[in-house]
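Chemist: Next comes the structure file model20.cif, holding mmCIF, C-alpha atoms.
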```
data_entry
#
loop_
_atom_site.label_atom_id
_atom_site.label_comp_id
_atom_site.auth_asym_id
_atom_site.auth_seq_id
_atom_site.Cartn_x
_atom_site.Cartn_y
_atom_site.Cartn_z
CA MET A 148 243.75 96.87 45.78
CA SER A 149 242.57 96.32 49.35
CA GLY A 150 243.50 94.65 52.59
CA HIS A 151 247.13 93.95 53.40
CA SER A 152 248.22 94.50 49.81
CA LYS A 153 246.88 98.07 49.89
CA TRP A 154 249.92 99.63 51.51
CA ALA A 155 252.45 97.98 49.20
CA SER A 156 250.27 98.95 46.26
CA ILE A 157 250.07 102.60 47.34
CA LYS A 158 253.82 102.93 47.80
CA HIS A 159 254.59 101.19 44.52
CA LYS A 160 252.03 103.29 42.66
CA LYS A 161 253.38 106.55 44.07
CA GLY A 162 256.91 105.61 43.09
CA ALA A 163 255.84 104.61 39.60
CA LEU A 164 253.84 107.79 39.11
CA ASP A 165 256.75 109.92 40.26
CA ALA A 166 258.66 108.45 37.36
CA LYS A 167 255.77 109.19 35.01
CA ARG A 168 254.74 112.58 36.32
CA GLY A 169 253.75 113.89 32.91
CA LYS A 170 251.22 111.07 32.45
CA LEU A 171 249.92 111.53 36.00
CA PHE A 172 249.41 115.27 35.49
CA SER A 173 247.57 114.59 32.24
CA LYS A 174 245.14 112.28 34.04
CA LEU A 175 244.63 114.78 36.84
CA ILE A 176 243.92 117.56 34.35
CA LYS A 177 241.33 115.34 32.67
CA GLU A 178 239.55 114.89 36.00
CA ILE A 179 239.68 118.62 36.74
CA THR A 180 238.30 119.35 33.26
CA VAL A 181 235.33 117.00 33.68
CA ALA A 182 234.67 118.23 37.22
CA VAL A 183 234.54 121.87 36.09
CA LYS A 184 232.33 121.12 33.07
CA GLN A 185 229.89 119.16 35.27
CA GLY A 186 229.75 121.39 38.35
CA GLY A 187 231.47 124.70 37.67
CA ALA A 188 234.78 126.24 38.72
CA ASP A 189 233.90 127.04 42.35
CA THR A 190 235.58 124.43 44.56
CA GLU A 191 233.29 125.28 47.49
CA ALA A 192 230.19 124.50 45.42
CA ASN A 193 231.68 121.60 43.46
CA PRO A 194 232.71 118.60 45.62
CA ARG A 195 234.12 116.69 42.67
CA LEU A 196 236.39 119.59 41.77
CA ARG A 197 237.49 119.95 45.41
CA THR A 198 238.50 116.29 45.40
CA ALA A 199 240.28 116.62 42.04
CA VAL A 200 242.24 119.66 43.24
CA LEU A 201 243.13 117.87 46.49
CA LYS A 202 244.45 114.92 44.51
CA ALA A 203 246.44 117.22 42.22
CA LYS A 204 248.02 118.99 45.19
CA ASP A 205 248.88 115.66 46.83
CA ALA A 206 250.65 114.73 43.57
CA ASN A 207 252.66 117.97 43.81
CA MET A 208 251.12 119.47 40.70
CA PRO A 209 252.11 123.17 40.62
CA SER A 210 249.30 125.54 41.60
CA LYS A 211 249.65 127.40 38.29
CA ASN A 212 248.95 124.15 36.42
CA ILE A 213 245.83 123.53 38.49
CA GLU A 214 244.59 127.09 38.02
CA SER A 215 245.28 126.89 34.28
CA ALA A 216 243.33 123.62 33.98
CA VAL A 217 240.34 125.10 35.83
CA LYS A 218 240.41 128.26 33.74
CA LYS A 219 240.66 126.36 30.47
CA ALA A 220 237.80 124.03 31.39
CA SER A 221 235.67 127.04 32.35
CA GLY A 222 236.03 128.55 28.88
CA ASN A 223 234.31 127.69 25.65
CA ASP A 224 237.03 125.36 24.41
CA SER A 225 235.06 122.36 23.11
CA SER A 226 238.15 120.54 21.86
CA GLU A 227 238.61 118.70 25.16
CA ASN A 228 235.41 116.82 25.91
CA TYR A 229 235.87 113.59 27.81
CA GLU A 230 233.26 110.92 28.39
CA GLU A 231 233.20 109.19 31.73
CA ILE A 232 232.70 105.47 31.35
CA THR A 233 233.29 102.37 33.44
CA TYR A 234 234.25 98.85 32.47
CA GLU A 235 234.01 95.64 34.44
CA GLY A 236 235.87 92.40 34.15
CA TYR A 237 237.81 89.63 35.82
CA GLY A 238 241.48 89.03 36.43
CA PRO A 239 243.28 85.79 37.28
CA GLU A 240 241.81 83.74 40.15
CA GLY A 241 238.36 85.20 39.46
CA VAL A 242 239.23 88.58 41.00
CA ALA A 243 236.69 91.28 40.11
CA ILE A 244 238.06 94.36 38.33
CA PHE A 245 236.23 97.72 38.14
CA ILE A 246 237.76 100.32 35.81
CA ASN A 247 236.93 104.03 35.69
CA CYS A 248 237.88 105.92 32.51
CA LEU A 249 237.81 109.39 31.01
CA THR A 250 238.14 109.20 27.25
CA ASP A 251 237.61 111.08 24.01
CA ASN A 252 237.66 107.82 22.01
CA ILE A 253 235.66 104.92 23.43
CA LYS A 254 236.67 102.46 20.71
CA ARG A 255 240.35 103.02 21.50
CA THR A 256 239.78 102.74 25.22
CA VAL A 257 237.81 99.50 25.19
CA ALA A 258 240.27 97.93 22.73
CA ASP A 259 243.21 98.83 25.01
CA ILE A 260 241.43 97.49 28.10
CA ARG A 261 240.40 94.24 26.42
CA ALA A 262 243.93 93.64 25.13
CA THR A 263 245.51 94.37 28.53
CA LEU A 264 243.10 92.11 30.40
CA SER A 265 243.66 89.29 27.90
CA LYS A 266 247.45 89.62 28.06
CA HIS A 267 247.40 89.21 31.85
CA GLY A 268 244.94 86.32 32.05
CA GLY A 269 241.74 88.32 32.51
CA ASN A 270 238.68 89.13 30.47
CA LEU A 271 236.24 91.98 29.95
CA GLY A 272 232.77 91.44 31.38
CA GLU A 273 229.33 92.87 30.71
CA ASN A 274 227.99 95.95 32.49
CA GLY A 275 226.81 94.93 35.94
CA SER A 276 228.88 91.75 36.06
CA VAL A 277 231.02 92.92 38.99
CA ALA A 278 229.69 96.38 39.96
CA TRP A 279 227.45 94.82 42.63
CA GLN A 280 230.59 93.70 44.47
CA PHE A 281 231.72 97.31 45.04
CA GLU A 282 230.39 100.50 46.60
CA LYS A 283 231.58 104.08 46.19
CA LYS A 284 233.53 105.22 49.24
CA GLY A 285 236.07 107.77 50.34
CA ILE A 286 239.21 105.90 51.39
CA ILE A 287 241.93 107.59 53.45
CA ASN A 288 245.12 105.74 54.40
CA ILE A 289 247.26 106.93 57.30
CA GLU A 290 250.57 105.36 58.32
CA LYS A 291 250.97 104.33 61.95
CA ASP A 292 253.77 106.79 62.71
CA GLN A 293 251.33 109.64 61.99
CA VAL A 294 249.08 108.63 64.89
CA LYS A 295 250.09 108.75 68.53
CA ASN A 296 246.81 107.38 69.83
CA GLU A 297 244.45 105.09 67.91
CA ASP A 298 241.44 106.10 70.01
CA GLU A 299 242.14 109.77 69.34
CA LEU A 300 242.24 109.16 65.57
CA MET A 301 238.99 107.26 65.75
CA GLU A 302 237.35 110.05 67.74
CA ILE A 303 238.57 112.75 65.30
CA ALA A 304 237.51 110.80 62.21
CA LEU A 305 234.10 109.71 63.49
CA GLU A 306 233.24 113.17 64.77
CA ALA A 307 234.14 114.56 61.32
CA GLY A 308 231.68 112.14 59.70
CA ALA A 309 233.71 109.00 58.93
CA GLU A 310 231.90 105.67 58.76
CA ASP A 311 234.71 103.51 60.09
CA VAL A 312 238.38 103.48 61.10
CA ILE A 313 240.16 100.17 60.45
CA ALA A 314 243.49 99.36 62.13
CA GLN A 315 245.87 97.39 59.89
CA THR A 316 249.46 96.19 60.12
CA GLU A 317 251.01 99.29 58.53
CA GLY A 318 248.47 101.91 59.50
CA PHE A 319 244.83 102.92 59.49
CA THR A 320 242.16 103.08 56.81
CA VAL A 321 239.38 105.62 57.25
CA LYS A 322 236.21 104.89 55.25
CA THR A 323 233.74 107.66 54.48
CA ASP A 324 230.62 108.44 52.54
CA PRO A 325 231.82 110.29 49.40
CA GLU A 326 229.91 113.41 50.48
CA GLN A 327 231.89 113.56 53.74
CA PHE A 328 235.28 112.84 52.15
CA TYR A 329 236.44 116.42 51.62
CA ASN A 330 235.37 117.51 55.11
CA ILE A 331 237.22 114.63 56.76
CA THR A 332 240.45 115.16 54.81
CA GLY A 333 240.29 118.84 55.81
CA VAL A 334 239.90 117.96 59.48
CA LEU A 335 242.82 115.52 59.35
CA LYS A 336 245.04 118.15 57.68
CA ASN A 337 244.10 120.69 60.36
CA LYS A 338 245.15 118.13 62.98
CA ASN A 339 248.50 117.67 61.16
CA ILE A 340 247.74 114.03 60.41
CA ALA A 341 249.42 113.27 57.09
CA MET A 342 247.60 110.98 54.68
CA VAL A 343 249.60 108.59 52.51
CA ASN A 344 246.62 108.26 50.17
CA ALA A 345 243.15 109.81 49.95
CA GLU A 346 240.66 109.11 47.17
CA ILE A 347 237.04 108.43 46.32
CA THR A 348 237.00 104.98 44.81
CA MET A 349 235.00 101.80 44.34
CA ASP A 350 235.58 99.84 47.52
CA PRO A 351 235.02 96.05 47.50
CA LYS A 352 232.28 94.76 49.81
CA ASN A 353 234.04 91.41 50.18
CA CYS A 354 237.55 90.31 49.25
CA ILE A 355 239.11 87.19 47.78
CA THR A 356 242.18 86.20 49.81
CA LEU A 357 245.16 85.18 47.68
CA THR A 358 248.67 83.94 48.32
CA PRO A 359 251.41 86.50 47.56
CA ASP A 360 252.41 84.86 44.26
CA LYS A 361 248.83 84.85 42.97
CA ALA A 362 248.24 88.42 44.18
CA GLU A 363 251.36 89.49 42.27
CA LYS A 364 249.64 88.54 39.02
CA ILE A 365 246.73 90.84 39.89
CA GLU A 366 249.15 93.62 40.79
CA LYS A 367 250.82 93.35 37.39
CA LEU A 368 247.44 93.50 35.65
CA ILE A 369 246.35 96.56 37.63
CA ASN A 370 249.65 98.33 36.97
CA ALA A 371 249.28 97.64 33.25
CA LEU A 372 245.71 98.97 33.23
CA GLU A 373 246.62 102.09 35.19
CA ASP A 374 249.41 102.78 32.72
CA LEU A 375 246.82 103.26 29.96
CA ASP A 376 246.20 106.93 29.18
CA ASP A 377 242.40 106.76 29.48
CA ILE A 378 242.29 104.92 32.82
CA GLN A 379 241.68 107.07 35.89
CA SER A 380 241.42 104.33 38.50
CA VAL A 381 241.18 100.57 38.92
CA SER A 382 239.57 98.74 41.84
CA SER A 383 239.80 95.03 42.62
CA ASN A 384 238.54 92.74 45.35
CA GLU A 385 241.60 90.78 46.37
CA GLU A 386 243.78 90.88 49.44
CA ILE A 387 246.98 89.06 50.34
CA ALA A 388 246.84 86.29 52.94
CA GLU A 389 248.92 86.88 56.08
#
```
Translate the structure of the given file into structure tokens.

Modeler:
Amino acid sequence: MSGHSKWASIKHKKGALDAKRGKLFSKLIKEITVAVKQGGADTEANPRLRTAVLKAKDANMPSKNIESAVKKASGNDSSENYEEITYEGYGPEGVAIFINCLTDNIKRTVADIRATLSKHGGNLGENGSVAWQFEKKGIINIEKDQVKNEDELMEIALEAGAEDVIAQTEGFTVKTDPEQFYNITGVLKNKNIAMVNAEITMDPKNCITLTPDKAEKIEKLINALEDLDDIQSVSSNEEIAE
């Protein structure tokens, strides 16, 4: 989600995941596993693992669980090999949907995604059908009460390597190159600026503006997709009209 709907989406998602902590931890462990297998167990030398560990800590995953996941992925256990794959499609109102998955069974995953899209008025597209509408970015959301001075936040973020700081109704969105993401989140933490959400995701280049009732249909579709075990993240290009 993006635009004005982003904040409501973040809060709803966090509340829903709190109620499904076991499923959330499972998804986080998958990401840690893939990150370690691709780049090793050293967080300083493996940006993807640093980001995965940061996300796990933000979700209040116990340190022992994180350490155990890293250790297990570093071993010779070949029973947990996940393939990273993306799917593209459309939701109601022609909204573009980009889905990132980690799976050990592609047939199951694509069948679940196709069924979920169809149930909520969407459809699965071909590779490349919507990817051009997104770009990979680090997205950091900060609520307004965390910032005393907007200019100061902008100065801190831009000096740390951020590309842009966008003021919105409920707070600020910091956009970064993925390679600068971990550095910027570290700087913000050192400045005691709490982040309500921080992730590397597919950010829409342009958004379709929808009325609240139409946007609600997209929200239901995204929630249903994110509830699937193999789905790590879902990006869409809609925003709610003011």

Chemist: Using the chain letters and numbers from the file, which residues does the PyMOL selection byres ((chain A and resi 268-284) around 10) grab, as a short mmCIF file (atom, residue, chain, number, x, y, z; two decimals) with C-alpha atoms, in the frame of the given file?

Modeler:
```cif
data_model
loop_
_atom_site.label_atom_id
_atom_site.label_comp_id
_atom_site.auth_asym_id
_atom_site.auth_seq_id
_atom_site.Cartn_x
_atom_site.Cartn_y
_atom_site.Cartn_z
CA THR A 233 233.29 102.37 33.44
CA TYR A 234 234.25 98.85 32.47
CA GLU A 235 234.01 95.64 34.44
CA GLY A 236 235.87 92.40 34.15
CA TYR A 237 237.81 89.63 35.82
CA GLY A 238 241.48 89.03 36.43
CA PRO A 239 243.28 85.79 37.28
CA GLU A 240 241.81 83.74 40.15
CA GLY A 241 238.36 85.20 39.46
CA VAL A 242 239.23 88.58 41.00
CA ALA A 243 236.69 91.28 40.11
CA ILE A 244 238.06 94.36 38.33
CA PHE A 245 236.23 97.72 38.14
CA ILE A 246 237.76 100.32 35.81
CA VAL A 257 237.81 99.50 25.19
CA ILE A 260 241.43 97.49 28.10
CA ARG A 261 240.40 94.24 26.42
CA ALA A 262 243.93 93.64 25.13
CA THR A 263 245.51 94.37 28.53
CA LEU A 264 243.10 92.11 30.40
CA SER A 265 243.66 89.29 27.90
CA LYS A 266 247.45 89.62 28.06
CA HIS A 267 247.40 89.21 31.85
CA GLY A 285 236.07 107.77 50.34
CA ILE A 286 239.21 105.90 51.39
CA ILE A 287 241.93 107.59 53.45
CA GLU A 310 231.90 105.67 58.76
CA VAL A 321 239.38 105.62 57.25
CA LYS A 322 236.21 104.89 55.25
CA THR A 323 233.74 107.66 54.48
CA ASP A 324 230.62 108.44 52.54
CA PRO A 325 231.82 110.29 49.40
CA GLU A 326 229.91 113.41 50.48
CA GLN A 327 231.89 113.56 53.74
CA PHE A 328 235.28 112.84 52.15
CA GLU A 346 240.66 109.11 47.17
CA ILE A 347 237.04 108.43 46.32
CA THR A 348 237.00 104.98 44.81
CA MET A 349 235.00 101.80 44.34
CA ASP A 350 235.58 99.84 47.52
CA PRO A 351 235.02 96.05 47.50
CA LYS A 352 232.28 94.76 49.81
CA ASN A 353 234.04 91.41 50.18
CA CYS A 354 237.55 90.31 49.25
CA LYS A 364 249.64 88.54 39.02
CA ILE A 365 246.73 90.84 39.89
CA LEU A 368 247.44 93.50 35.65
CA SER A 382 239.57 98.74 41.84
CA SER A 383 239.80 95.03 42.62
CA ASN A 384 238.54 92.74 45.35
#
```

Chemist: Counting all atoms listed in the file, which residues in stretch 212-238 of chain A sit no more than 8 Å from stretch 180-183 of chain A? For each one, give the nearest pair of atoms and the distance in Å, sorted by chain then residue number, as a tab-separated table.

Modeler:
```
residue	atom	partner	partner_atom	distance
A:Ala216	CA	A:Thr180	CA	6.6
A:Val217	CA	A:Thr180	CA	6.6
A:Lys219	CA	A:Thr180	CA	7.9
A:Ala220	CA	A:Thr180	CA	5.1
A:Ser221	CA	A:Val183	CA	6.5
A:Asn228	CA	A:Val181	CA	7.8
A:Tyr229	CA	A:Val181	CA	6.8
```

Chemist: Rounded to one decimal place, report the atom CA of A:Lys174-atom CA of A:Ala341 distance in Å.

Modeler: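 One can read the atom CA of A:Lys174 to atom CA of A:Ala341 distance as 23.5 Å.
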
Chemist: Between atom CA of A:Val200 and atom CA of A:Leu175, what is the distance in Å, rounded to a tenth?

Modeler: 8.4 Å

Chemist: Provide the atom CA of A:Asn337 to atom CA of A:Arg168 distance in Å, to one decimal place.

Modeler: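 Taking atom CA of A:Asn337 as the start and atom CA of A:Arg168 as the end point, the length is 27.5 Å.
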
Chemist: Closest to A:Asn339 among A:Ala206, A:Cys248, A:Ala371, A:Val294, using only C-alpha atoms?

Modeler: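 Under the stated criterion, the closest residue is A:Val294.
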
Chemist: Can you pull out every residue within 10 Å of A:Lys338, counting all atoms listed in the file, but drop anything in the same chain fewer than 5 positions away, and send it as an MDAnalysis selection string?

Modeler: chainID A and resid 300 303 332:333

Chemist: List the spatial neighbours of A:Glu290 as a tab-separated table (two decimals) with C-alpha atoms, keeping the file's coordinate frame - criterion: any atom at most 12 Å away, all atoms listed in the file, same-chain residues fewer than 3 positions off excluded.

Modeler:
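Okay, this is what ended up in selection.tsv:
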```
chain	number	residue	atom	x	y	z
A	153	LYS	CA	246.88	98.07	49.89
A	154	TRP	CA	249.92	99.63	51.51
A	155	ALA	CA	252.45	97.98	49.20
A	157	ILE	CA	250.07	102.60	47.34
A	158	LYS	CA	253.82	102.93	47.80
A	287	ILE	CA	241.93	107.59	53.45
A	293	GLN	CA	251.33	109.64	61.99
A	294	VAL	CA	249.08	108.63	64.89
A	295	LYS	CA	250.09	108.75	68.53
A	297	GLU	CA	244.45	105.09	67.91
A	300	LEU	CA	242.24	109.16	65.57
A	313	ILE	CA	240.16	100.17	60.45
A	314	ALA	CA	243.49	99.36	62.13
A	315	GLN	CA	245.87	97.39	59.89
A	316	THR	CA	249.46	96.19	60.12
A	317	GLU	CA	251.01	99.29	58.53
A	318	GLY	CA	248.47	101.91	59.50
A	319	PHE	CA	244.83	102.92	59.49
A	320	THR	CA	242.16	103.08	56.81
A	321	VAL	CA	239.38	105.62	57.25
A	340	ILE	CA	247.74	114.03	60.41
A	341	ALA	CA	249.42	113.27	57.09
A	342	MET	CA	247.60	110.98	54.68
A	343	VAL	CA	249.60	108.59	52.51
A	344	ASN	CA	246.62	108.26	50.17
```

Chemist: Considering all atoms listed in the file, can you say which of A:Glu386, A:Gly186, A:Ile232, A:Thr356 comes closest to A:Ile253?

Modeler: A:Ile232

Chemist: With distances taken over only C-alpha atoms, which of A:Ala309, A:Ala362, A:Leu249, A:Ile179 is nearest to A:Asp376?

Modeler: A:Leu249

Chemist: Which one is closest to A:Val334: A:Ala203, A:Ile355, A:Ile378, A:Ala304? Count all atoms listed in the file.

Modeler: A:Ala304
